[in-house]
Amino acid sequence: MHGMTLAGIARALRAREFSSEELVRHLLARIERLDGELNAFVTVTGEAAVAAARAADAARGEESGPLAGVPIAHKDIFCTAGVKTSCGSRMLDNFVSPYDATVVERLRAAGSIMLGKTNMDEFAMGSSNETSFYGPVRNPWDLGRVPGGSSGGSAAAVAARLAPAATGTDTGGSIRQPAALAGITGIKPTYGRVSRYGMIAFASSLDQAGVLTRTAEDAAMLLATMSGHDPRDSTSVDAPVPDYVAGLGESLQGLKIGVVEEFMDEGLDTANAAAIEAALKVLEGLGASVRRLSLPSIGLSVPTYYVVAPAECSSNLSRFDGVRFGYRATDPRDLEDHYKRSRGEGFGAEVKRRIMTGTYVLSAGYYDAYYLKAQRVRQLIAADFRRAFEAVDVIVGPTTPTPAFELGAKVDDPVTMYLNDIYTIGVNLAGLPGLSTPCGFVEGLPVGLQIVGRAFDEGRILNVAHRFQQETDWHAKAPGGAFA
Amino acid sequence: MLKADKPVNLATGATSGKRESIIETLYKVLSAQPKEACMKLSRHEVESIAHLARLEISADEIPVYVDNLSRIIDFVKQLEQADTDGVTPMAHPLNMSQPLRDDVVTEMDQRALYQQNAQVVESGLYLVPRVIE
């Protein structure tokens with residue numbers, strides 16, 4: 001059962017080949033047996049999941065929706081009523097959310113069942129899942145390597161067949177990069193497509209919720225449920241949500257693909273590049289045409305991001321004051337000591353580094369030189385993409401420069417770690433949708449293909465990935481041993 | 001790992017040529033040590049940033065922050081080279097404006113529920129260390 005896709009599970013449940021309770025119990029046993037090694041889950045909500053599965057089985061009928069009784073996991077950045085919501089931080093280790101995030105609420109209303117909350121880089125700040133207060137997550141393809149981050153727990157859980165799908169968030173690559181490193185599918189929708197209500201904020205002009213799944217079809221199913229306007233998030237866009245599943249399978253004949261030459265240069269690992277090249281051939285075989293194009297300002301996307309994201313993070317994380325919720329230091333001398341120690345002890349090293357960077361770039365005398373300058377460069381990057389999308393329908397290239405790296409390899413060097421997101425960050429800066437699908441292996445480690453679309457063109461990138469997955473079987477490969 | 005052995009040929013035939021790769025450029029910036037005189041943040045600057053951010057930083061952590069922040073700031077200084085004359089700073093990734101809603105009450109009183117997450121409350125109030133003697 002654990003090897004099935006979400007779509008396969010939905011069909012099997014409808015046909016009563018097995019019950020939701022059997023499936024949930026099977027996955028919980030798998031988590032119990034295998035997650036000690038992976039550390040993909042912060043919290044497992046076993047009892048509630050079994051109870052919900054029983055209820056779903058009892059209520060099953062003609063009118064049951066496609067997600068009825070289907071188990072999924074939620075990244076621990078999404079608020080879940082009555083369940084610990086830690087965001088991977090000591091700061092929120094004691095926080096039990098009083099309400100559900102809109103994403104959680106919508107997926108539950110559609111009948112899905114939460115297995116638990118997945119591990120993540122602290123406050124989603126990281127590309128290796130090593131900054132979590134709960135310890136690193138390991139990559140099921142090689143336990144000595146990182147699963148990527150920040151949605152590393154979600155990626156590892158899906159790749160290791162502990163959950164058929166999981167939610168994630170992506171501020172600079174946090175869905176696509178771990179999806180690539182764990183050999184699964186991950187989509188970050190257009191900024192504003194999915195509500196951010198109840199999703200703990202990191203950098204509000206970049207954060208967007210999405211999903212990590214085994215197939216593009218599964219991603220389409222979940223995204224259709226999660227998307228749409230939410231009056232509780234003023235940046236959520238009031239635009240109709242297409243039927244993503246119905247749009248799958250359309251021909252790619254005449255599709256115009258752009259390949260960004262800056263992404264295919266010497267910075268890309270040679271073996272990774274060969275996999276990307278082979279993937280482009282497959283897409284050409286399906287009737288697409290490939291042309292090279294340039295995004296002249298894209299080289300500035302990482303430095304732009306490391307001004308904008310820390311600036312917004314320092315502002316967002318100022319709410320953690322140790323008074324109303326979260327970690328509280330003991331025996332403070334006075335109010336200032338209370339704030340400083342609650343925050344100093346509650347936050348980990350990377351989060352503090354980013355708060356400090358953000359505070360510096362926003363401080364008097366530096367605001368124009370850093371923050372406003374970065375927001376200007378961001379316009380140039382977005383304009384590059386707009387121009388590109390006048391000539392092509394999608395942009396295809398690598399998701400990451402290399403496959404999964406070893407645990408500890410980059411942990412002492414923050415800026416080198418930041419370069420991992422070099423191909424994904426520009427997409428967030430421009431607010432566009434991006435997807436990663438498996439497209440090969442290098443020395444036994446998965447390689448991801450990134451497909452970027454125009455704003456609100458999720459349907460098209462899902463279809464391109466779906467057609468690619470119908471022609472190839474990279475997405476169907478499972479890690480070896482117990483994780484198969 | 002990040003550097004490829006040889007230039008990559010694309011399916012489309014063209015080569016990436018001798019142009020410096022993005023990662024190469026970024027690495028160059030990274031490997032350059034912060035120029036002692038002009039770029040390195042001072043201990044005092046780091047302490048004042050920590051104060052503004054209300055973060056307690058121990059004495060032995062300060063040199064680490066001096067080094068890390070100096071490198072990050074040096075790294076983002078690359079933005080200076082971009083010509084942004086006449087470019088309006090981005091306020092929204094899709095250049096949309098924020099909608100306004102009617103000024104009506106939409107939340108109900110759930111103080112007791114919310115205060116379950118606070119560690120020190122009394123008579124419905126959040127307690128903090130005494131501010132006025």
# chains A, B, ... in the order shown; residues from 1 in each chain; ligands from 1
call {"tool": "select_by_dssp", "arguments": {"residues": "region 101-200 of chain A", "states": "strand (DSSP E)", "output": "list of chain:residue names"}}
result
A:Ile113, A:Met114, A:Leu115, A:Gly116, A:Lys117, A:Thr118, A:Ala165, A:Ala166, A:Thr167, A:Gly168, A:Thr169, A:Asp170, A:Thr185, A:Gly186, A:Ile187, A:Lys188
call {"tool": "residues_around", "arguments": {"residues": "region 125-132 of chain B", "least_positions_apart": "6", "cutoff": "7 Å", "atoms": "only C-alpha atoms", "output": "compact mmCIF listing (two decimals) with N, CA and C atoms, in the first residue's frame"}}
result
# COMPACT_ATOMS: atom_id res chain seq x y z
N VAL A 323 6.18 36.43 25.69
CA VAL A 323 5.11 36.84 26.61
C VAL A 323 3.82 36.06 26.34
N ARG A 324 3.33 36.16 25.09
CA ARG A 324 2.01 35.62 24.80
C ARG A 324 2.04 34.14 24.43
N ASP A 334 14.88 42.23 34.08
CA ASP A 334 13.90 43.27 33.75
C ASP A 334 13.29 42.91 32.40
N LEU A 335 12.44 43.80 31.85
CA LEU A 335 11.73 43.47 30.62
C LEU A 335 12.69 43.27 29.44
call {"tool": "residues_around", "arguments": {"residues": "region 109-119 of chain B", "least_positions_apart": "6", "cutoff": "8 Å", "atoms": "only C-alpha atoms", "output": "list in words"}}
result
Asn94, Phe95, Val96, Pro98, Val323, Arg324, Phe325, Gly326 and Arg328 of chain A; Tyr126 of chain B
call {"tool": "interface_residues", "arguments": {"of": "chain A", "to": "chain B", "cutoff": "6 Å", "atoms": "only C-alpha atoms", "output": "list of chain:residue names"}}
result
A:Asp265, A:Glu266, A:Gly267, A:Asp269, A:Thr270, A:Glu277, A:Gly299, A:Pro303, A:Arg324, A:Phe325, A:Asp334, A:Leu335, A:Lys340, A:Arg341, A:Arg343, A:Gly344, A:Leu372, A:Gln375, A:Arg376, A:Gln379, A:Ala430, A:Gly431
call {"tool": "select_by_dssp", "arguments": {"residues": "region 45-130 of chain A", "states": "helix (DSSP H, G or I)", "output": "MDAnalysis selection string"}}
result
chainID A and resid 46:59 90:92 102:109 122:124
